[in-house]
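Visitor: First the structure, then my questions, so here it is.
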Amino acid sequence: ARRASAEPVDSGRDRERITMAGRDWLLDVEVSETSQETFRRVDIEVFELIDGEEIGPLDSVIGFVGQY
């Protein structure tokens with residue numbers, strides 16, 4: 001899908017807690033610059049939260065986001 005902004009995605013790291021299928025998850029997302037000015041690398045790791053303890057990463061994915 002097209003992004004609403006023509007500016008590249010900001011680099012940085014974010015951690016987001018979500019609940020899905022009655023379980024608590026932690027998404028660790030890191031966006032970094034690439035050698036191509038208009039592309040960003042996106043690394044995502046998924047952890048399960050059980051009694052406040054992070055289990056994992058259980059899965060990970062790497063993708064790329066372009067400016068346009």
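Chain lettering (A, B, ...) mirrors the order of the structure tokens, residue numbering begins at 1 for each chain separately, and ligand numbering begins at 1 in order of display.
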Could you give me, as JSON, numbers by chain, the residues within 10 Å of segment 51-56 of chain A, counting only C-alpha atoms and dropping anything in the same chain fewer than 6 positions from it?

Guide: {"A": [24, 25, 26, 45]}

Visitor: Which parts of segment 10-53 of chain A does DSSP call strand (DSSP E) when run on the backbone here, written out as a PDB file with all heavy atoms, in the first residue's frame?

Guide:
```pdb
ATOM      1  N   GLY A  12      15.125   3.797  13.686  1.00  0.00           N
ATOM      2  CA  GLY A  12      15.025   3.695  15.135  1.00  0.00           C
ATOM      3  C   GLY A  12      14.474   2.352  15.561  1.00  0.00           C
ATOM      4  O   GLY A  12      14.226   1.462  14.745  1.00  0.00           O
ATOM      5  N   ARG A  13      14.281   2.229  16.866  1.00  0.00           N
ATOM      6  CA  ARG A  13      13.811   0.965  17.449  1.00  0.00           C
ATOM      7  C   ARG A  13      12.568   1.227  18.271  1.00  0.00           C
ATOM      8  O   ARG A  13      12.462   2.246  18.953  1.00  0.00           O
ATOM      9  CB  ARG A  13      14.902   0.375  18.329  1.00  0.00           C
ATOM     10  CG  ARG A  13      14.575  -1.001  18.831  1.00  0.00           C
ATOM     11  CD  ARG A  13      15.764  -1.610  19.527  1.00  0.00           C
ATOM     12  NE  ARG A  13      15.437  -2.967  19.929  1.00  0.00           N
ATOM     13  CZ  ARG A  13      16.248  -3.747  20.564  1.00  0.00           C
ATOM     14  NH1 ARG A  13      17.457  -3.327  20.872  1.00  0.00           N
ATOM     15  NH2 ARG A  13      15.884  -4.953  20.904  1.00  0.00           N
ATOM     16  N   ASP A  14      11.629   0.279  18.222  1.00  0.00           N
ATOM     17  CA  ASP A  14      10.383   0.394  18.977  1.00  0.00           C
ATOM     18  C   ASP A  14       9.997  -0.986  19.479  1.00  0.00           C
ATOM     19  O   ASP A  14      10.243  -1.986  18.803  1.00  0.00           O
ATOM     20  CB  ASP A  14       9.280   0.968  18.075  1.00  0.00           C
ATOM     21  CG  ASP A  14       8.008   1.289  18.825  1.00  0.00           C
ATOM     22  OD1 ASP A  14       8.087   1.633  20.025  1.00  0.00           O
ATOM     23  OD2 ASP A  14       6.923   1.189  18.223  1.00  0.00           O
ATOM     24  N   ARG A  15       9.416  -1.024  20.656  1.00  0.00           N
ATOM     25  CA  ARG A  15       8.902  -2.273  21.219  1.00  0.00           C
ATOM     26  C   ARG A  15       7.427  -2.052  21.520  1.00  0.00           C
ATOM     27  O   ARG A  15       7.068  -1.065  22.150  1.00  0.00           O
ATOM     28  CB  ARG A  15       9.663  -2.649  22.474  1.00  0.00           C
ATOM     29  CG  ARG A  15      11.129  -2.962  22.164  1.00  0.00           C
ATOM     30  CD  ARG A  15      11.880  -3.290  23.418  1.00  0.00           C
ATOM     31  NE  ARG A  15      11.383  -4.543  23.951  1.00  0.00           N
ATOM     32  CZ  ARG A  15      12.117  -5.615  24.183  1.00  0.00           C
ATOM     33  NH1 ARG A  15      13.388  -5.589  23.936  1.00  0.00           N
ATOM     34  NH2 ARG A  15      11.597  -6.708  24.664  1.00  0.00           N
ATOM     35  N   GLU A  16       6.597  -2.974  21.047  1.00  0.00           N
ATOM     36  CA  GLU A  16       5.155  -2.828  21.222  1.00  0.00           C
ATOM     37  C   GLU A  16       4.568  -4.109  21.794  1.00  0.00           C
ATOM     38  O   GLU A  16       4.833  -5.204  21.299  1.00  0.00           O
ATOM     39  CB  GLU A  16       4.494  -2.530  19.872  1.00  0.00           C
ATOM     40  CG  GLU A  16       3.011  -2.342  19.964  1.00  0.00           C
ATOM     41  CD  GLU A  16       2.386  -2.022  18.612  1.00  0.00           C
ATOM     42  OE1 GLU A  16       3.133  -1.867  17.628  1.00  0.00           O
ATOM     43  OE2 GLU A  16       1.161  -1.950  18.556  1.00  0.00           O
ATOM     44  N   ARG A  17       3.781  -3.945  22.841  1.00  0.00           N
ATOM     45  CA  ARG A  17       3.107  -5.088  23.452  1.00  0.00           C
ATOM     46  C   ARG A  17       1.706  -5.190  22.864  1.00  0.00           C
ATOM     47  O   ARG A  17       0.975  -4.198  22.803  1.00  0.00           O
ATOM     48  CB  ARG A  17       3.035  -4.898  24.965  1.00  0.00           C
ATOM     49  CG  ARG A  17       2.396  -6.053  25.667  1.00  0.00           C
ATOM     50  CD  ARG A  17       2.347  -5.814  27.154  1.00  0.00           C
ATOM     51  NE  ARG A  17       1.651  -6.907  27.789  1.00  0.00           N
ATOM     52  CZ  ARG A  17       1.677  -7.168  29.061  1.00  0.00           C
ATOM     53  NH1 ARG A  17       2.368  -6.396  29.867  1.00  0.00           N
ATOM     54  NH2 ARG A  17       1.003  -8.175  29.557  1.00  0.00           N
ATOM     55  N   ILE A  18       1.333  -6.396  22.433  1.00  0.00           N
ATOM     56  CA  ILE A  18      -0.002  -6.614  21.878  1.00  0.00           C
ATOM     57  C   ILE A  18      -0.586  -7.901  22.474  1.00  0.00           C
ATOM     58  O   ILE A  18       0.145  -8.740  22.995  1.00  0.00           O
ATOM     59  CB  ILE A  18       0.008  -6.709  20.340  1.00  0.00           C
ATOM     60  CG1 ILE A  18       0.820  -7.918  19.874  1.00  0.00           C
ATOM     61  CG2 ILE A  18       0.514  -5.426  19.700  1.00  0.00           C
ATOM     62  CD1 ILE A  18       0.666  -8.228  18.399  1.00  0.00           C
ATOM     63  N   THR A  19      -1.905  -8.023  22.387  1.00  0.00           N
ATOM     64  CA  THR A  19      -2.591  -9.251  22.783  1.00  0.00           C
ATOM     65  C   THR A  19      -3.297  -9.801  21.557  1.00  0.00           C
ATOM     66  O   THR A  19      -4.008  -9.079  20.870  1.00  0.00           O
ATOM     67  CB  THR A  19      -3.613  -8.975  23.903  1.00  0.00           C
ATOM     68  OG1 THR A  19      -2.917  -8.432  25.027  1.00  0.00           O
ATOM     69  CG2 THR A  19      -4.322 -10.250  24.319  1.00  0.00           C
ATOM     70  N   MET A  20      -3.046 -11.079  21.278  1.00  0.00           N
ATOM     71  CA  MET A  20      -3.683 -11.742  20.146  1.00  0.00           C
ATOM     72  C   MET A  20      -3.921 -13.194  20.534  1.00  0.00           C
ATOM     73  O   MET A  20      -3.042 -13.831  21.129  1.00  0.00           O
ATOM     74  CB  MET A  20      -2.808 -11.662  18.892  1.00  0.00           C
ATOM     75  CG  MET A  20      -3.498 -12.252  17.683  1.00  0.00           C
ATOM     76  SD  MET A  20      -2.588 -12.253  16.102  1.00  0.00           S
ATOM     77  CE  MET A  20      -1.199 -11.252  16.323  1.00  0.00           C
ATOM     78  N   ARG A  23      -3.224 -14.321  24.105  1.00  0.00           N
ATOM     79  CA  ARG A  23      -1.847 -14.376  24.582  1.00  0.00           C
ATOM     80  C   ARG A  23      -1.204 -13.017  24.419  1.00  0.00           C
ATOM     81  O   ARG A  23      -1.566 -12.234  23.540  1.00  0.00           O
ATOM     82  CB  ARG A  23      -1.066 -15.440  23.808  1.00  0.00           C
ATOM     83  CG  ARG A  23      -1.639 -16.838  24.051  1.00  0.00           C
ATOM     84  CD  ARG A  23      -1.244 -17.827  23.004  1.00  0.00           C
ATOM     85  NE  ARG A  23       0.153 -18.259  23.125  1.00  0.00           N
ATOM     86  CZ  ARG A  23       0.697 -19.152  22.313  1.00  0.00           C
ATOM     87  NH1 ARG A  23       0.005 -19.701  21.349  1.00  0.00           N
ATOM     88  NH2 ARG A  23       1.954 -19.498  22.459  1.00  0.00           N
ATOM     89  N   ASP A  24      -0.220 -12.722  25.277  1.00  0.00           N
ATOM     90  CA  ASP A  24       0.507 -11.455  25.214  1.00  0.00           C
ATOM     91  C   ASP A  24       1.806 -11.641  24.441  1.00  0.00           C
ATOM     92  O   ASP A  24       2.540 -12.622  24.657  1.00  0.00           O
ATOM     93  CB  ASP A  24       0.827 -10.943  26.625  1.00  0.00           C
ATOM     94  CG  ASP A  24      -0.428 -10.516  27.369  1.00  0.00           C
ATOM     95  OD1 ASP A  24      -1.325  -9.943  26.731  1.00  0.00           O
ATOM     96  OD2 ASP A  24      -0.499 -10.763  28.591  1.00  0.00           O
ATOM     97  N   TRP A  25       2.057 -10.692  23.546  1.00  0.00           N
ATOM     98  CA  TRP A  25       3.224 -10.740  22.670  1.00  0.00           C
ATOM     99  C   TRP A  25       3.981  -9.421  22.746  1.00  0.00           C
ATOM    100  O   TRP A  25       3.402  -8.373  23.007  1.00  0.00           O
ATOM    101  CB  TRP A  25       2.795 -10.967  21.221  1.00  0.00           C
ATOM    102  CG  TRP A  25       1.960 -12.187  21.039  1.00  0.00           C
ATOM    103  CD1 TRP A  25       0.603 -12.248  21.045  1.00  0.00           C
ATOM    104  CD2 TRP A  25       2.420 -13.515  20.842  1.00  0.00           C
ATOM    105  NE1 TRP A  25       0.180 -13.538  20.853  1.00  0.00           N
ATOM    106  CE2 TRP A  25       1.284 -14.342  20.726  1.00  0.00           C
ATOM    107  CE3 TRP A  25       3.670 -14.095  20.747  1.00  0.00           C
ATOM    108  CZ2 TRP A  25       1.365 -15.712  20.521  1.00  0.00           C
ATOM    109  CZ3 TRP A  25       3.752 -15.463  20.531  1.00  0.00           C
ATOM    110  CH2 TRP A  25       2.614 -16.248  20.421  1.00  0.00           C
ATOM    111  N   LEU A  26       5.271  -9.478  22.466  1.00  0.00           N
ATOM    112  CA  LEU A  26       6.099  -8.288  22.370  1.00  0.00           C
ATOM    113  C   LEU A  26       6.727  -8.270  20.985  1.00  0.00           C
ATOM    114  O   LEU A  26       7.365  -9.248  20.564  1.00  0.00           O
ATOM    115  CB  LEU A  26       7.201  -8.310  23.438  1.00  0.00           C
ATOM    116  CG  LEU A  26       8.131  -7.110  23.444  1.00  0.00           C
ATOM    117  CD1 LEU A  26       7.373  -5.845  23.859  1.00  0.00           C
ATOM    118  CD2 LEU A  26       9.291  -7.358  24.378  1.00  0.00           C
ATOM    119  N   LEU A  27       6.517  -7.175  20.252  1.00  0.00           N
ATOM    120  CA  LEU A  27       7.127  -7.000  18.930  1.00  0.00           C
ATOM    121  C   LEU A  27       8.299  -6.041  19.074  1.00  0.00           C
ATOM    122  O   LEU A  27       8.131  -4.919  19.551  1.00  0.00           O
ATOM    123  CB  LEU A  27       6.117  -6.427  17.940  1.00  0.00           C
ATOM    124  CG  LEU A  27       4.842  -7.230  17.721  1.00  0.00           C
ATOM    125  CD1 LEU A  27       3.942  -6.507  16.737  1.00  0.00           C
ATOM    126  CD2 LEU A  27       5.156  -8.625  17.246  1.00  0.00           C
ATOM    127  N   ASP A  28       9.459  -6.468  18.685  1.00  0.00           N
ATOM    128  CA  ASP A  28      10.659  -5.643  18.707  1.00  0.00           C
ATOM    129  C   ASP A  28      10.955  -5.271  17.255  1.00  0.00           C
ATOM    130  O   ASP A  28      11.304  -6.133  16.453  1.00  0.00           O
ATOM    131  CB  ASP A  28      11.803  -6.446  19.318  1.00  0.00           C
ATOM    132  CG  ASP A  28      13.033  -5.608  19.595  1.00  0.00           C
ATOM    133  OD1 ASP A  28      13.105  -4.455  19.115  1.00  0.00           O
ATOM    134  OD2 ASP A  28      13.936  -6.110  20.287  1.00  0.00           O
ATOM    135  N   VAL A  29      10.781  -3.989  16.926  1.00  0.00           N
ATOM    136  CA  VAL A  29      10.907  -3.521  15.546  1.00  0.00           C
ATOM    137  C   VAL A  29      12.072  -2.541  15.445  1.00  0.00           C
ATOM    138  O   VAL A  29      12.127  -1.560  16.185  1.00  0.00           O
ATOM    139  CB  VAL A  29       9.604  -2.826  15.074  1.00  0.00           C
ATOM    140  CG1 VAL A  29       9.743  -2.357  13.634  1.00  0.00           C
ATOM    141  CG2 VAL A  29       8.411  -3.749  15.247  1.00  0.00           C
ATOM    142  N   GLU A  30      12.997  -2.825  14.542  1.00  0.00           N
ATOM    143  CA  GLU A  30      14.121  -1.918  14.302  1.00  0.00           C
ATOM    144  C   GLU A  30      14.147  -1.526  12.835  1.00  0.00           C
ATOM    145  O   GLU A  30      14.163  -2.381  11.950  1.00  0.00           O
ATOM    146  CB  GLU A  30      15.443  -2.572  14.686  1.00  0.00           C
ATOM    147  CG  GLU A  30      16.607  -1.618  14.540  1.00  0.00           C
ATOM    148  CD  GLU A  30      17.906  -2.187  15.085  1.00  0.00           C
ATOM    149  OE1 GLU A  30      17.937  -3.363  15.485  1.00  0.00           O
ATOM    150  OE2 GLU A  30      18.887  -1.442  15.085  1.00  0.00           O
ATOM    151  N   VAL A  31      14.125  -0.221  12.586  1.00  0.00           N
ATOM    152  CA  VAL A  31      14.189   0.326  11.231  1.00  0.00           C
ATOM    153  C   VAL A  31      15.566   0.965  11.056  1.00  0.00           C
ATOM    154  O   VAL A  31      15.982   1.791  11.875  1.00  0.00           O
ATOM    155  CB  VAL A  31      13.083   1.383  10.991  1.00  0.00           C
ATOM    156  CG1 VAL A  31      13.194   1.965   9.584  1.00  0.00           C
ATOM    157  CG2 VAL A  31      11.704   0.779  11.226  1.00  0.00           C
ATOM    158  N   SER A  32      16.290   0.560  10.014  1.00  0.00           N
ATOM    159  CA  SER A  32      17.633   1.104   9.789  1.00  0.00           C
ATOM    160  C   SER A  32      17.794   1.572   8.348  1.00  0.00           C
ATOM    161  O   SER A  32      17.100   1.112   7.445  1.00  0.00           O
ATOM    162  CB  SER A  32      18.701   0.067  10.146  1.00  0.00           C
ATOM    163  OG  SER A  32      18.464  -1.146   9.478  1.00  0.00           O
ATOM    164  N   GLU A  33      18.734   2.476   8.166  1.00  0.00           N
ATOM    165  CA  GLU A  33      19.021   2.993   6.827  1.00  0.00           C
ATOM    166  C   GLU A  33      19.753   1.939   6.011  1.00  0.00           C
ATOM    167  O   GLU A  33      20.375   1.031   6.556  1.00  0.00           O
ATOM    168  CB  GLU A  33      19.859   4.263   6.935  1.00  0.00           C
ATOM    169  CG  GLU A  33      19.112   5.407   7.598  1.00  0.00           C
ATOM    170  CD  GLU A  33      19.953   6.673   7.678  1.00  0.00           C
ATOM    171  OE1 GLU A  33      21.081   6.704   7.152  1.00  0.00           O
ATOM    172  OE2 GLU A  33      19.452   7.637   8.277  1.00  0.00           O
ATOM    173  N   PHE A  39      15.273   3.683   0.743  1.00  0.00           N
ATOM    174  CA  PHE A  39      14.853   2.393   1.296  1.00  0.00           C
ATOM    175  C   PHE A  39      15.286   2.262   2.740  1.00  0.00           C
ATOM    176  O   PHE A  39      16.356   2.747   3.124  1.00  0.00           O
ATOM    177  CB  PHE A  39      15.450   1.225   0.498  1.00  0.00           C
ATOM    178  CG  PHE A  39      14.737   0.963  -0.786  1.00  0.00           C
ATOM    179  CD1 PHE A  39      15.134   1.591  -1.953  1.00  0.00           C
ATOM    180  CD2 PHE A  39      13.662   0.092  -0.835  1.00  0.00           C
ATOM    181  CE1 PHE A  39      14.482   1.357  -3.146  1.00  0.00           C
ATOM    182  CE2 PHE A  39      12.998  -0.144  -2.027  1.00  0.00           C
ATOM    183  CZ  PHE A  39      13.406   0.487  -3.180  1.00  0.00           C
ATOM    184  N   ARG A  40      14.455   1.591   3.535  1.00  0.00           N
ATOM    185  CA  ARG A  40      14.780   1.285   4.916  1.00  0.00           C
ATOM    186  C   ARG A  40      14.646  -0.218   5.129  1.00  0.00           C
ATOM    187  O   ARG A  40      13.777  -0.868   4.548  1.00  0.00           O
ATOM    188  CB  ARG A  40      13.844   2.001   5.899  1.00  0.00           C
ATOM    189  CG  ARG A  40      13.907   3.515   5.839  1.00  0.00           C
ATOM    190  CD  ARG A  40      15.250   4.029   6.344  1.00  0.00           C
ATOM    191  NE  ARG A  40      15.290   5.478   6.387  1.00  0.00           N
ATOM    192  CZ  ARG A  40      15.839   6.245   5.456  1.00  0.00           C
ATOM    193  NH1 ARG A  40      16.376   5.694   4.383  1.00  0.00           N
ATOM    194  NH2 ARG A  40      15.845   7.542   5.567  1.00  0.00           N
ATOM    195  N   ARG A  41      15.514  -0.757   5.957  1.00  0.00           N
ATOM    196  CA  ARG A  41      15.434  -2.166   6.349  1.00  0.00           C
ATOM    197  C   ARG A  41      14.624  -2.247   7.639  1.00  0.00           C
ATOM    198  O   ARG A  41      14.831  -1.452   8.560  1.00  0.00           O
ATOM    199  CB  ARG A  41      16.838  -2.718   6.584  1.00  0.00           C
ATOM    200  CG  ARG A  41      16.846  -4.145   7.073  1.00  0.00           C
ATOM    201  CD  ARG A  41      18.266  -4.605   7.332  1.00  0.00           C
ATOM    202  NE  ARG A  41      18.258  -5.823   8.117  1.00  0.00           N
ATOM    203  CZ  ARG A  41      19.049  -6.847   7.881  1.00  0.00           C
ATOM    204  NH1 ARG A  41      19.926  -6.817   6.893  1.00  0.00           N
ATOM    205  NH2 ARG A  41      18.984  -7.913   8.644  1.00  0.00           N
ATOM    206  N   VAL A  42      13.705  -3.210   7.711  1.00  0.00           N
ATOM    207  CA  VAL A  42      12.864  -3.375   8.890  1.00  0.00           C
ATOM    208  C   VAL A  42      13.074  -4.792   9.431  1.00  0.00           C
ATOM    209  O   VAL A  42      12.812  -5.767   8.730  1.00  0.00           O
ATOM    210  CB  VAL A  42      11.373  -3.156   8.557  1.00  0.00           C
ATOM    211  CG1 VAL A  42      10.522  -3.303   9.804  1.00  0.00           C
ATOM    212  CG2 VAL A  42      11.156  -1.794   7.904  1.00  0.00           C
ATOM    213  N   ASP A  43      13.595  -4.878  10.656  1.00  0.00           N
ATOM    214  CA  ASP A  43      13.804  -6.161  11.339  1.00  0.00           C
ATOM    215  C   ASP A  43      12.756  -6.284  12.448  1.00  0.00           C
ATOM    216  O   ASP A  43      12.637  -5.378  13.276  1.00  0.00           O
ATOM    217  CB  ASP A  43      15.198  -6.217  11.975  1.00  0.00           C
ATOM    218  CG  ASP A  43      16.302  -6.248  10.951  1.00  0.00           C
ATOM    219  OD1 ASP A  43      16.704  -5.168  10.464  1.00  0.00           O
ATOM    220  OD2 ASP A  43      16.768  -7.346  10.644  1.00  0.00           O
ATOM    221  N   ILE A  44      12.020  -7.388  12.472  1.00  0.00           N
ATOM    222  CA  ILE A  44      10.994  -7.605  13.488  1.00  0.00           C
ATOM    223  C   ILE A  44      11.257  -8.944  14.176  1.00  0.00           C
ATOM    224  O   ILE A  44      11.458  -9.960  13.511  1.00  0.00           O
ATOM    225  CB  ILE A  44       9.579  -7.619  12.876  1.00  0.00           C
ATOM    226  CG1 ILE A  44       9.311  -6.305  12.156  1.00  0.00           C
ATOM    227  CG2 ILE A  44       8.522  -7.869  13.956  1.00  0.00           C
ATOM    228  CD1 ILE A  44       8.027  -6.298  11.349  1.00  0.00           C
ATOM    229  N   GLU A  45      11.267  -8.926  15.510  1.00  0.00           N
ATOM    230  CA  GLU A  45      11.363 -10.145  16.301  1.00  0.00           C
ATOM    231  C   GLU A  45      10.115 -10.232  17.178  1.00  0.00           C
ATOM    232  O   GLU A  45       9.637  -9.223  17.688  1.00  0.00           O
ATOM    233  CB  GLU A  45      12.606 -10.144  17.194  1.00  0.00           C
ATOM    234  CG  GLU A  45      13.893 -10.260  16.428  1.00  0.00           C
ATOM    235  CD  GLU A  45      15.101 -10.383  17.336  1.00  0.00           C
ATOM    236  OE1 GLU A  45      15.124  -9.711  18.382  1.00  0.00           O
ATOM    237  OE2 GLU A  45      16.007 -11.149  16.981  1.00  0.00           O
ATOM    238  N   VAL A  46       9.604 -11.457  17.360  1.00  0.00           N
ATOM    239  CA  VAL A  46       8.385 -11.686  18.132  1.00  0.00           C
ATOM    240  C   VAL A  46       8.722 -12.511  19.372  1.00  0.00           C
ATOM    241  O   VAL A  46       9.338 -13.572  19.273  1.00  0.00           O
ATOM    242  CB  VAL A  46       7.330 -12.436  17.289  1.00  0.00           C
ATOM    243  CG1 VAL A  46       6.069 -12.676  18.106  1.00  0.00           C
ATOM    244  CG2 VAL A  46       7.018 -11.665  16.023  1.00  0.00           C
ATOM    245  N   PHE A  47       8.324 -11.989  20.529  1.00  0.00           N
ATOM    246  CA  PHE A  47       8.507 -12.670  21.805  1.00  0.00           C
ATOM    247  C   PHE A  47       7.130 -12.913  22.425  1.00  0.00           C
ATOM    248  O   PHE A  47       6.223 -12.095  22.264  1.00  0.00           O
ATOM    249  CB  PHE A  47       9.300 -11.790  22.784  1.00  0.00           C
ATOM    250  CG  PHE A  47      10.689 -11.461  22.330  1.00  0.00           C
ATOM    251  CD1 PHE A  47      10.916 -10.422  21.436  1.00  0.00           C
ATOM    252  CD2 PHE A  47      11.774 -12.166  22.817  1.00  0.00           C
ATOM    253  CE1 PHE A  47      12.195 -10.101  21.032  1.00  0.00           C
ATOM    254  CE2 PHE A  47      13.063 -11.852  22.411  1.00  0.00           C
ATOM    255  CZ  PHE A  47      13.275 -10.820  21.518  1.00  0.00           C
ATOM    256  N   GLU A  48       6.980 -14.009  23.152  1.00  0.00           N
ATOM    257  CA  GLU A  48       5.764 -14.209  23.934  1.00  0.00           C
ATOM    258  C   GLU A  48       6.046 -13.719  25.353  1.00  0.00           C
ATOM    259  O   GLU A  48       7.148 -13.898  25.875  1.00  0.00           O
ATOM    260  CB  GLU A  48       5.344 -15.680  23.975  1.00  0.00           C
ATOM    261  CG  GLU A  48       4.011 -15.862  24.681  1.00  0.00           C
ATOM    262  CD  GLU A  48       3.471 -17.275  24.615  1.00  0.00           C
ATOM    263  OE1 GLU A  48       4.185 -18.185  24.145  1.00  0.00           O
ATOM    264  OE2 GLU A  48       2.334 -17.465  25.042  1.00  0.00           O
ATOM    265  N   LEU A  49       5.057 -13.078  25.963  1.00  0.00           N
ATOM    266  CA  LEU A  49       5.175 -12.621  27.343  1.00  0.00           C
ATOM    267  C   LEU A  49       4.374 -13.566  28.231  1.00  0.00           C
ATOM    268  O   LEU A  49       3.157 -13.697  28.080  1.00  0.00           O
ATOM    269  CB  LEU A  49       4.642 -11.198  27.486  1.00  0.00           C
ATOM    270  CG  LEU A  49       5.441 -10.106  26.790  1.00  0.00           C
ATOM    271  CD1 LEU A  49       4.715  -8.774  26.872  1.00  0.00           C
ATOM    272  CD2 LEU A  49       6.819  -9.996  27.401  1.00  0.00           C
ATOM    273  N   ILE A  50       5.068 -14.226  29.146  1.00  0.00           N
ATOM    274  CA  ILE A  50       4.416 -15.114  30.096  1.00  0.00           C
ATOM    275  C   ILE A  50       4.818 -14.661  31.493  1.00  0.00           C
ATOM    276  O   ILE A  50       6.003 -14.693  31.849  1.00  0.00           O
ATOM    277  CB  ILE A  50       4.816 -16.591  29.870  1.00  0.00           C
ATOM    278  CG1 ILE A  50       4.395 -17.029  28.461  1.00  0.00           C
ATOM    279  CG2 ILE A  50       4.187 -17.483  30.937  1.00  0.00           C
ATOM    280  CD1 ILE A  50       4.806 -18.435  28.095  1.00  0.00           C
ATOM    281  N   GLU A  53       7.698 -12.330  31.683  1.00  0.00           N
ATOM    282  CA  GLU A  53       8.978 -12.796  31.148  1.00  0.00           C
ATOM    283  C   GLU A  53       8.907 -12.919  29.631  1.00  0.00           C
ATOM    284  O   GLU A  53       7.939 -13.449  29.088  1.00  0.00           O
ATOM    285  CB  GLU A  53       9.328 -14.160  31.748  1.00  0.00           C
ATOM    286  CG  GLU A  53      10.681 -14.664  31.308  1.00  0.00           C
ATOM    287  CD  GLU A  53      11.036 -16.007  31.939  1.00  0.00           C
ATOM    288  OE1 GLU A  53      10.380 -16.426  32.908  1.00  0.00           O
ATOM    289  OE2 GLU A  53      11.972 -16.640  31.423  1.00  0.00           O
TER     290      GLU A  53
END
```

Visitor: Can you tell me which residues surround Thr38 of chain A at a distance of at most 8 Å, considering only C-alpha atoms, apart from same-chain residues fewer than 6 positions away, and format the answer as an mmCIF file with N, CA and C atoms, in the first residue's frame?

Guide:
```
data_model
loop_
_atom_site.group_PDB
_atom_site.id
_atom_site.type_symbol
_atom_site.label_atom_id
_atom_site.label_comp_id
_atom_site.auth_asym_id
_atom_site.auth_seq_id
_atom_site.Cartn_x
_atom_site.Cartn_y
_atom_site.Cartn_z
ATOM 1 N N PRO A 8 10.962 9.357 3.826
ATOM 2 C CA PRO A 8 11.332 7.986 4.197
ATOM 3 C C PRO A 8 10.909 7.674 5.634
ATOM 4 N N GLY A 66 10.133 1.083 0.884
ATOM 5 C CA GLY A 66 10.601 2.146 -0.004
ATOM 6 C C GLY A 66 9.879 3.457 0.266
ATOM 7 N N GLN A 67 10.447 4.534 -0.219
ATOM 8 C CA GLN A 67 9.882 5.866 -0.009
ATOM 9 C C GLN A 67 8.589 6.041 -0.780
#
```

Visitor: Using atom CA of Gln36 of chain A and atom CA of Ala6 of chain A as the two end points, give the distance in Å to one decimal.

Guide: 15.3 Å
